[in-house]
>>> print(open('run_23.txt').read())   # compact mmCIF, C-alpha atoms
# COMPACT_ATOMS: atom_id res chain seq x y z
CA MET A 1288 -11.09 0.91 -37.75
CA GLN A 1289 -14.87 1.20 -37.82
CA SER A 1290 -15.22 -2.02 -35.84
CA PHE A 1291 -12.85 -0.64 -33.19
CA ILE A 1292 -14.91 2.56 -32.92
CA ASP A 1293 -18.12 0.54 -32.66
CA GLU A 1294 -16.63 -1.67 -29.96
CA PHE A 1295 -15.32 1.35 -28.05
CA THR A 1296 -18.72 3.03 -28.26
CA ARG A 1297 -20.53 -0.08 -27.08
CA ASN A 1298 -18.21 -0.60 -24.11
CA PHE A 1299 -17.69 2.96 -22.91
CA ILE A 1300 -20.08 5.44 -24.51
CA VAL A 1301 -23.46 3.71 -24.57
CA ASP A 1302 -25.34 4.33 -21.29
CA ASN A 1303 -22.25 6.22 -20.03
CA ARG A 1304 -20.56 2.92 -19.18
CA TYR A 1305 -17.21 4.69 -18.89
CA GLN A 1306 -18.45 5.87 -15.50
CA TYR A 1307 -17.86 2.39 -14.09
CA ILE A 1308 -14.18 2.92 -14.93
CA THR A 1309 -13.98 6.49 -13.62
CA VAL A 1310 -15.76 5.66 -10.35
CA GLY A 1311 -13.57 2.60 -9.89
CA PHE A 1312 -10.46 4.62 -10.68
CA VAL A 1313 -11.29 7.22 -8.02
CA ASN A 1314 -12.10 4.53 -5.46
CA THR A 1315 -8.84 2.74 -6.20
CA LEU A 1316 -6.85 5.94 -5.68
CA ILE A 1317 -8.66 6.73 -2.42
CA ILE A 1318 -8.16 3.22 -1.05
CA SER A 1319 -4.49 3.09 -2.10
CA PHE A 1320 -3.64 6.54 -0.72
CA PHE A 1321 -5.15 6.07 2.71
CA ALA A 1322 -4.05 2.42 2.97
CA VAL A 1323 -0.48 3.57 2.31
CA LEU A 1324 -0.77 6.11 5.14
CA VAL A 1325 -2.13 3.45 7.51
CA GLY A 1326 0.59 1.04 6.42
CA ILE A 1327 3.35 3.60 7.01
CA VAL A 1328 2.11 4.57 10.48
CA VAL A 1329 1.51 0.97 11.61
CA GLY A 1330 4.67 -0.30 9.94
CA PHE A 1331 6.99 2.29 11.47
CA LEU A 1332 5.44 1.82 14.91
CA VAL A 1333 5.83 -1.96 14.79
CA ALA A 1334 9.36 -1.67 13.37
CA ILE A 1335 10.47 0.68 16.14
CA ILE A 1336 9.01 -1.59 18.83
CA ARG A 1337 10.60 -4.69 17.30
CA SER A 1338 14.02 -3.12 16.71
CA GLY A 1339 13.95 -1.54 20.16
CA HIS A 1340 13.30 -4.94 21.71
CA ASP A 1341 16.08 -6.50 19.64
CA ARG A 1342 18.58 -3.90 20.84
CA THR A 1343 17.53 -3.37 24.45
CA GLY A 1344 15.37 -6.36 25.38
CA HIS A 1345 12.62 -4.03 26.63
CA MET A 1346 8.92 -3.88 25.59
CA LYS A 1347 8.50 -7.67 25.69
CA ILE A 1348 4.70 -7.61 25.75
CA ALA A 1349 4.47 -5.05 22.94
CA ASN A 1350 6.99 -7.05 20.93
CA PHE A 1351 4.95 -10.24 21.43
CA ILE A 1352 1.79 -8.47 20.21
CA CYS A 1353 3.69 -7.20 17.17
CA GLN A 1354 4.97 -10.70 16.40
CA VAL A 1355 1.43 -12.12 16.53
CA TYR A 1356 0.24 -9.31 14.25
CA LEU A 1357 3.03 -9.94 11.74
CA THR A 1358 2.44 -13.70 11.77
CA VAL A 1359 -1.28 -13.34 11.11
CA MET A 1360 -0.98 -10.62 8.45
CA ARG A 1361 1.82 -12.28 6.51
CA GLY A 1362 0.54 -15.82 6.98
CA THR A 1363 -2.98 -15.40 5.58
CA PRO A 1364 -4.16 -14.34 2.09
CA THR A 1365 -4.98 -10.67 1.59
CA MET A 1366 -8.35 -11.51 0.05
CA LEU A 1367 -9.29 -13.52 3.15
CA GLN A 1368 -8.29 -10.59 5.37
CA VAL A 1369 -10.53 -8.25 3.36
CA LEU A 1370 -13.46 -10.69 3.62
CA ILE A 1371 -12.99 -11.17 7.37
CA THR A 1372 -12.71 -7.43 7.92
CA TYR A 1373 -15.96 -6.79 6.05
CA TYR A 1374 -18.10 -9.82 6.91
CA VAL A 1375 -16.84 -10.48 10.47
CA ILE A 1376 -15.20 -7.47 12.11
CA PHE A 1377 -17.47 -4.79 10.64
CA ALA A 1378 -20.45 -7.07 10.00
CA SER A 1379 -22.74 -5.26 12.43
CA ALA A 1380 -21.33 -1.78 11.84
CA ASN A 1381 -22.73 0.64 9.29
CA VAL A 1382 -19.43 1.72 7.77
CA SER A 1383 -18.34 2.55 4.25
CA LYS A 1384 -16.89 -0.25 2.14
CA ILE A 1385 -14.04 2.11 1.25
CA PHE A 1386 -13.26 2.47 4.96
CA VAL A 1387 -13.24 -1.32 5.34
CA ALA A 1388 -10.89 -1.67 2.37
CA VAL A 1389 -8.55 1.02 3.73
CA VAL A 1390 -8.37 -0.73 7.11
CA ALA A 1391 -7.83 -4.19 5.60
CA PHE A 1392 -5.22 -3.18 3.04
CA GLY A 1393 -3.54 -0.74 5.43
CA LEU A 1394 -3.06 -3.35 8.16
CA ASN A 1395 -1.84 -5.87 5.61
CA SER A 1396 0.66 -3.43 4.14
CA GLY A 1397 1.77 -2.35 7.62
CA ALA A 1398 3.06 -5.85 8.34
CA TYR A 1399 5.34 -5.80 5.31
CA VAL A 1400 6.39 -2.19 5.85
CA ALA A 1401 7.30 -3.08 9.45
CA GLU A 1402 9.75 -5.76 8.42
CA ILE A 1403 11.19 -3.61 5.64
CA VAL A 1404 11.77 -0.69 8.03
CA ARG A 1405 13.08 -2.95 10.80
CA SER A 1406 15.67 -4.40 8.43
CA GLY A 1407 16.67 -0.85 7.53
CA ILE A 1408 17.00 0.16 11.18
CA MET A 1409 19.06 -2.93 12.02
CA SER A 1410 21.32 -2.26 9.03
CA VAL A 1411 22.41 1.12 10.44
CA ASP A 1412 25.84 0.83 12.02
CA GLU A 1413 25.91 0.50 15.81
CA GLY A 1414 28.32 3.41 15.88
CA GLN A 1415 25.46 5.73 14.89
CA PHE A 1416 23.71 4.90 18.17
CA GLU A 1417 26.91 5.58 20.08
CA ALA A 1418 27.33 8.88 18.23
CA GLY A 1419 23.82 9.90 19.23
CA ARG A 1420 24.42 9.04 22.85
CA SER A 1421 27.71 10.95 22.83
CA LEU A 1422 25.76 14.02 21.69
CA GLY A 1423 23.51 13.71 24.72
CA LEU A 1424 20.50 12.28 22.89
CA ASN A 1425 18.33 9.65 24.55
CA TYR A 1426 17.19 6.48 22.75
CA ARG A 1427 14.03 8.04 21.32
CA GLN A 1428 15.86 11.13 20.05
CA THR A 1429 18.63 9.01 18.57
CA MET A 1430 16.07 6.93 16.69
CA GLN A 1431 14.12 10.00 15.54
CA PHE A 1432 16.96 12.21 14.36
CA ILE A 1433 19.75 9.79 13.40
CA ILE A 1434 18.67 6.19 12.85
CA VAL A 1435 15.23 6.39 11.19
CA PRO A 1436 16.27 8.96 8.52
CA GLN A 1437 19.19 6.76 7.49
CA ALA A 1438 17.04 3.63 7.56
CA PHE A 1439 14.42 5.33 5.40
CA LYS A 1440 16.99 6.05 2.70
CA ASN A 1441 18.19 2.43 2.80
CA VAL A 1442 14.74 0.89 2.43
CA LEU A 1443 13.12 3.40 0.08
CA PRO A 1444 13.28 1.09 -3.00
CA ALA A 1445 11.69 -1.75 -1.03
CA LEU A 1446 9.01 0.58 0.34
CA GLY A 1447 8.25 1.84 -3.16
CA ASN A 1448 7.85 -1.74 -4.34
CA GLU A 1449 5.51 -2.52 -1.43
CA PHE A 1450 3.30 0.45 -2.29
CA ILE A 1451 3.15 -0.70 -5.92
CA VAL A 1452 2.10 -4.16 -4.74
CA LEU A 1453 -0.54 -2.55 -2.50
CA LEU A 1454 -1.94 -0.56 -5.42
CA LYS A 1455 -2.37 -3.73 -7.46
CA GLU A 1456 -3.77 -5.71 -4.52
CA THR A 1457 -6.69 -3.30 -4.24
CA SER A 1458 -8.04 -5.01 -7.36
CA ILE A 1459 -9.68 -7.61 -5.09
CA SER A 1460 -11.93 -5.00 -3.47
CA GLY A 1461 -14.77 -6.19 -5.69
CA TYR A 1462 -15.14 -9.26 -3.47
CA ILE A 1463 -16.92 -7.07 -0.90
CA GLY A 1464 -19.07 -5.39 -3.55
CA LEU A 1465 -16.91 -2.29 -3.86
CA THR A 1466 -16.53 -0.81 -7.33
CA ASP A 1467 -12.80 -0.45 -7.73
CA LEU A 1468 -11.01 -0.12 -11.05
CA THR A 1469 -10.92 -3.85 -11.79
CA HIS A 1470 -14.51 -4.41 -10.73
CA GLY A 1471 -15.63 -1.48 -12.88
CA GLY A 1472 -14.08 -3.08 -15.95
CA ASP A 1473 -15.63 -6.42 -15.05
CA ILE A 1474 -19.08 -4.82 -14.76
CA ILE A 1475 -18.75 -3.52 -18.32
CA ARG A 1476 -17.62 -6.96 -19.46
CA GLY A 1477 -20.69 -8.50 -17.85
CA ILE A 1478 -22.99 -6.05 -19.63
CA THR A 1479 -21.47 -6.14 -23.11
CA PHE A 1480 -20.06 -9.70 -23.00
CA SER A 1481 -16.90 -8.20 -24.49
CA ALA A 1482 -13.86 -8.90 -22.34
CA PHE A 1483 -11.03 -7.50 -24.45
CA MET A 1484 -11.60 -3.75 -24.45
CA PRO A 1485 -12.74 -3.08 -20.86
CA LEU A 1486 -10.13 -5.36 -19.29
CA ILE A 1487 -7.31 -4.06 -21.48
CA ALA A 1488 -8.36 -0.51 -20.59
CA VAL A 1489 -8.17 -1.38 -16.90
CA ALA A 1490 -4.76 -3.02 -17.37
CA LEU A 1491 -3.41 0.08 -19.17
CA ILE A 1492 -4.64 2.35 -16.38
CA TYR A 1493 -2.91 0.19 -13.76
CA LEU A 1494 0.24 0.20 -15.89
CA LEU A 1495 0.21 4.00 -16.05
CA LEU A 1496 -0.36 4.28 -12.29
CA VAL A 1497 2.46 1.87 -11.47
CA THR A 1498 4.81 3.54 -13.96
CA GLY A 1499 4.06 6.96 -12.48
CA LEU A 1500 4.60 5.72 -8.93
CA SER A 1501 7.87 4.06 -9.91
CA TRP A 1502 9.04 7.31 -11.51
CA CYS A 1503 8.22 9.26 -8.34
CA VAL A 1504 10.11 6.78 -6.16
CA ASN A 1505 13.15 6.85 -8.46
CA ARG A 1506 13.16 10.64 -8.46
CA LEU A 1507 12.96 10.73 -4.66
CA GLU A 1508 15.86 8.28 -4.48
CA ARG A 1509 17.98 10.55 -6.68
CA ARG A 1510 17.18 13.60 -4.56
CA LEU A 1511 18.12 11.75 -1.39
CA ARG A 1512 21.43 10.70 -2.95
CA VAL A 1513 22.16 14.33 -3.86
CA SER A 1514 21.41 15.45 -0.29
CA GLU A 1515 24.03 13.00 1.01
CA ARG A 1516 26.85 14.66 -0.93
>>> encode(input="run_23.txt", output="structure tokens")
Amino acid sequence: MQSFIDEFTRNFIVDNRYQYITVGFVNTLIISFFAVLVGIVVGFLVAIIRSGHDRTGHMKIANFICQVYLTVMRGTPTMLQVLITYYVIFASANVSKIFVAVVAFGLNSGAYVAEIVRSGIMSVDEGQFEAGRSLGLNYRQTMQFIIVPQAFKNVLPALGNEFIVLLKETSISGYIGLTDLTHGGDIIRGITFSAFMPLIAVALIYLLLVTGLSWCVNRLERRLRVSER
């Protein structure tokens, strides 16, 4: 027990080394939260354009741009996208590393959200479109008030899983010198040469975050099921 206390003190208490974890934890939450928002906005926009083209044949240029975006985002490693965003796209700009991470992870997540949402939209019965038109709604109103809400319920589990993946993917932010949760633990490991305690602490924090997010998604699913009755 005494050895555990000594190890804990050396890794977290001496020189306030716990601050590497707390700073990284806050940065991870900030990056994840805003990257999720970017991913949702971009993903829904791309999904609507793609599904609209599939149904009507319109917006050919916009659909082509979306296809290129999806191909690039899903066909290249996330870490490479983060490095390119920081060292190439924003190389000459004086911007925050957190902003760079939000942009990189948000655009990456948006590509996966787009295909998840598009599959949900295409899974809605064609009769729902006809019902909207019979009520006097145009295409945009039909999508907004009838199709998208149903699609959201259908794809909520997949969206929740994507956001969990995004949270864990932020652990590569250290490659651009940003102190995220994982990098904070690794800094402590580099100082104390003790890998077990700081890395296990980081793993437990990620586990708690993912468990909490999963619980929130499951609760939202149950509430949506109740609203359907």
>>> residues_around(input="run_23.txt", residues="Leu1332 in chain A", least_positions_apart="4", cutoff="12 Å", atoms="all atoms listed in the file", output="list in words")
Val1325, Gly1326, Ile1327, Val1328, Ile1336, Arg1337, Ser1338, Gly1339, Ala1349, Asn1350, Cys1353, Gly1397, Ala1398, Val1400, Ala1401, Glu1402, Val1404, Arg1405, Met1430, Gln1431 and Val1435 of chain A
>>> atom_distance(input="run_23.txt", atom1="CA of Asn1505 in chain A", atom2="CA of Phe1439 in chain A")
14.0 Å
>>> atom_distance(input="run_23.txt", atom1="CA of Val1497 in chain A", atom2="CA of Ile1474 in chain A")
22.8 Å
>>> closest_residue(input="run_23.txt", among="A:Leu1486, A:Val1504, A:Leu1367, A:Ile1403", to="Ile1335 in chain A", atoms="all atoms listed in the file")
A:Ile1403
>>> residues_around(input="run_23.txt", residues="Phe1299 in chain A", least_positions_apart="5", cutoff="9 Å", atoms="only C-alpha atoms", output="list in words")
Glu1294, Arg1304, Tyr1305, Gln1306, Tyr1307, Ile1308, Ile1475 and Pro1485 of chain A
>>> atom_distance(input="run_23.txt", atom1="CA of Met1346 in chain A", atom2="CA of Asn1425 in chain A")
16.5 Å
>>> decode(input="run_23.txt", residues="range 1316-1332 of chain A", atoms="all heavy atoms", output="mmCIF file, in the first residue's frame")
data_model
loop_
_atom_site.group_PDB
_atom_site.id
_atom_site.type_symbol
_atom_site.label_atom_id
_atom_site.label_comp_id
_atom_site.auth_asym_id
_atom_site.auth_seq_id
_atom_site.Cartn_x
_atom_site.Cartn_y
_atom_site.Cartn_z
ATOM 1 N N LEU A 1316 -12.071 17.498 -23.934
ATOM 2 C CA LEU A 1316 -13.504 17.788 -23.928
ATOM 3 C C LEU A 1316 -13.840 18.917 -24.897
ATOM 4 O O LEU A 1316 -14.842 18.839 -25.622
ATOM 5 C CB LEU A 1316 -13.959 18.169 -22.517
ATOM 6 C CG LEU A 1316 -13.981 17.055 -21.470
ATOM 7 C CD1 LEU A 1316 -14.526 17.590 -20.149
ATOM 8 C CD2 LEU A 1316 -14.819 15.876 -21.943
ATOM 9 N N ILE A 1317 -13.025 19.959 -24.918
ATOM 10 C CA ILE A 1317 -13.271 21.088 -25.822
ATOM 11 C C ILE A 1317 -13.204 20.640 -27.278
ATOM 12 O O ILE A 1317 -14.088 20.937 -28.090
ATOM 13 C CB ILE A 1317 -12.254 22.219 -25.562
ATOM 14 C CG1 ILE A 1317 -12.492 22.847 -24.196
ATOM 15 C CG2 ILE A 1317 -12.347 23.294 -26.655
ATOM 16 C CD1 ILE A 1317 -11.434 23.853 -23.782
ATOM 17 N N ILE A 1318 -12.133 19.906 -27.607
ATOM 18 C CA ILE A 1318 -11.967 19.431 -28.983
ATOM 19 C C ILE A 1318 -13.124 18.524 -29.387
ATOM 20 O O ILE A 1318 -13.707 18.674 -30.470
ATOM 21 C CB ILE A 1318 -10.624 18.688 -29.135
ATOM 22 C CG1 ILE A 1318 -9.457 19.653 -28.935
ATOM 23 C CG2 ILE A 1318 -10.531 18.019 -30.505
ATOM 24 C CD1 ILE A 1318 -8.115 18.953 -28.795
ATOM 25 N N SER A 1319 -13.478 17.578 -28.520
ATOM 26 C CA SER A 1319 -14.537 16.618 -28.832
ATOM 27 C C SER A 1319 -15.875 17.319 -29.019
ATOM 28 O O SER A 1319 -16.611 17.025 -29.974
ATOM 29 C CB SER A 1319 -14.646 15.573 -27.720
ATOM 30 O OG SER A 1319 -13.436 14.858 -27.576
ATOM 31 N N PHE A 1320 -16.202 18.243 -28.119
ATOM 32 C CA PHE A 1320 -17.498 18.917 -28.173
ATOM 33 C C PHE A 1320 -17.661 19.708 -29.472
ATOM 34 O O PHE A 1320 -18.666 19.552 -30.195
ATOM 35 C CB PHE A 1320 -17.654 19.851 -26.967
ATOM 36 C CG PHE A 1320 -18.924 20.659 -26.973
ATOM 37 C CD1 PHE A 1320 -20.130 20.072 -26.639
ATOM 38 C CD2 PHE A 1320 -18.913 21.994 -27.335
ATOM 39 C CE1 PHE A 1320 -21.316 20.804 -26.651
ATOM 40 C CE2 PHE A 1320 -20.083 22.738 -27.351
ATOM 41 C CZ PHE A 1320 -21.285 22.140 -27.006
ATOM 42 N N PHE A 1321 -16.684 20.538 -29.780
ATOM 43 C CA PHE A 1321 -16.817 21.388 -30.963
ATOM 44 C C PHE A 1321 -16.630 20.587 -32.254
ATOM 45 O O PHE A 1321 -17.241 20.915 -33.278
ATOM 46 C CB PHE A 1321 -15.843 22.558 -30.896
ATOM 47 C CG PHE A 1321 -16.236 23.602 -29.895
ATOM 48 C CD1 PHE A 1321 -15.600 23.684 -28.671
ATOM 49 C CD2 PHE A 1321 -17.272 24.483 -30.166
ATOM 50 C CE1 PHE A 1321 -15.974 24.639 -27.735
ATOM 51 C CE2 PHE A 1321 -17.656 25.443 -29.238
ATOM 52 C CZ PHE A 1321 -17.019 25.525 -28.019
ATOM 53 N N ALA A 1322 -15.798 19.543 -32.218
ATOM 54 C CA ALA A 1322 -15.652 18.686 -33.397
ATOM 55 C C ALA A 1322 -16.952 17.944 -33.690
ATOM 56 O O ALA A 1322 -17.311 17.751 -34.860
ATOM 57 C CB ALA A 1322 -14.510 17.696 -33.198
ATOM 58 N N VAL A 1323 -17.661 17.536 -32.647
ATOM 59 C CA VAL A 1323 -18.977 16.905 -32.837
ATOM 60 C C VAL A 1323 -19.945 17.876 -33.510
ATOM 61 O O VAL A 1323 -20.677 17.500 -34.441
ATOM 62 C CB VAL A 1323 -19.542 16.420 -31.486
ATOM 63 C CG1 VAL A 1323 -21.033 16.138 -31.599
ATOM 64 C CG2 VAL A 1323 -18.818 15.169 -31.025
ATOM 65 N N LEU A 1324 -19.956 19.134 -33.056
ATOM 66 C CA LEU A 1324 -20.843 20.127 -33.669
ATOM 67 C C LEU A 1324 -20.504 20.330 -35.142
ATOM 68 O O LEU A 1324 -21.398 20.368 -35.998
ATOM 69 C CB LEU A 1324 -20.728 21.462 -32.919
ATOM 70 C CG LEU A 1324 -21.211 21.479 -31.462
ATOM 71 C CD1 LEU A 1324 -21.098 22.889 -30.890
ATOM 72 C CD2 LEU A 1324 -22.653 20.985 -31.351
ATOM 73 N N VAL A 1325 -19.201 20.461 -35.442
ATOM 74 C CA VAL A 1325 -18.783 20.617 -36.841
ATOM 75 C C VAL A 1325 -19.181 19.387 -37.646
ATOM 76 O O VAL A 1325 -19.699 19.500 -38.768
ATOM 77 C CB VAL A 1325 -17.253 20.840 -36.925
ATOM 78 C CG1 VAL A 1325 -16.794 20.822 -38.385
ATOM 79 C CG2 VAL A 1325 -16.871 22.166 -36.290
ATOM 80 N N GLY A 1326 -18.963 18.208 -37.079
ATOM 81 C CA GLY A 1326 -19.299 16.974 -37.770
ATOM 82 C C GLY A 1326 -20.789 16.854 -38.054
ATOM 83 O O GLY A 1326 -21.183 16.405 -39.138
ATOM 84 N N ILE A 1327 -21.623 17.259 -37.099
ATOM 85 C CA ILE A 1327 -23.075 17.192 -37.290
ATOM 86 C C ILE A 1327 -23.513 18.132 -38.396
ATOM 87 O O ILE A 1327 -24.280 17.761 -39.294
ATOM 88 C CB ILE A 1327 -23.805 17.523 -35.976
ATOM 89 C CG1 ILE A 1327 -23.621 16.395 -34.963
ATOM 90 C CG2 ILE A 1327 -25.292 17.759 -36.234
ATOM 91 C CD1 ILE A 1327 -24.202 16.702 -33.598
ATOM 92 N N VAL A 1328 -23.033 19.384 -38.344
ATOM 93 C CA VAL A 1328 -23.434 20.375 -39.353
ATOM 94 C C VAL A 1328 -22.989 19.941 -40.749
ATOM 95 O O VAL A 1328 -23.783 19.911 -41.700
ATOM 96 C CB VAL A 1328 -22.851 21.762 -39.006
ATOM 97 C CG1 VAL A 1328 -23.099 22.741 -40.141
ATOM 98 C CG2 VAL A 1328 -23.450 22.290 -37.719
ATOM 99 N N VAL A 1329 -21.695 19.597 -40.875
ATOM 100 C CA VAL A 1329 -21.166 19.185 -42.178
ATOM 101 C C VAL A 1329 -21.825 17.890 -42.640
ATOM 102 O O VAL A 1329 -22.217 17.754 -43.811
ATOM 103 C CB VAL A 1329 -19.632 19.006 -42.097
ATOM 104 C CG1 VAL A 1329 -19.093 18.414 -43.398
ATOM 105 C CG2 VAL A 1329 -18.961 20.341 -41.823
ATOM 106 N N GLY A 1330 -21.966 16.938 -41.727
ATOM 107 C CA GLY A 1330 -22.537 15.652 -42.076
ATOM 108 C C GLY A 1330 -23.970 15.750 -42.567
ATOM 109 O O GLY A 1330 -24.333 15.150 -43.585
ATOM 110 N N PHE A 1331 -24.804 16.504 -41.856
ATOM 111 C CA PHE A 1331 -26.201 16.655 -42.272
ATOM 112 C C PHE A 1331 -26.299 17.379 -43.605
ATOM 113 O O PHE A 1331 -27.121 17.028 -44.465
ATOM 114 C CB PHE A 1331 -27.004 17.390 -41.195
ATOM 115 C CG PHE A 1331 -27.634 16.483 -40.182
ATOM 116 C CD1 PHE A 1331 -26.909 15.994 -39.104
ATOM 117 C CD2 PHE A 1331 -28.951 16.091 -40.305
ATOM 118 C CE1 PHE A 1331 -27.480 15.147 -38.174
ATOM 119 C CE2 PHE A 1331 -29.549 15.244 -39.381
ATOM 120 C CZ PHE A 1331 -28.806 14.768 -38.305
ATOM 121 N N LEU A 1332 -25.459 18.401 -43.799
ATOM 122 C CA LEU A 1332 -25.486 19.145 -45.059
ATOM 123 C C LEU A 1332 -25.116 18.242 -46.231
ATOM 124 O O LEU A 1332 -25.809 18.217 -47.261
ATOM 125 C CB LEU A 1332 -24.519 20.333 -44.976
ATOM 126 C CG LEU A 1332 -24.409 21.200 -46.235
ATOM 127 C CD1 LEU A 1332 -25.746 21.841 -46.562
ATOM 128 C CD2 LEU A 1332 -23.334 22.274 -46.054
#
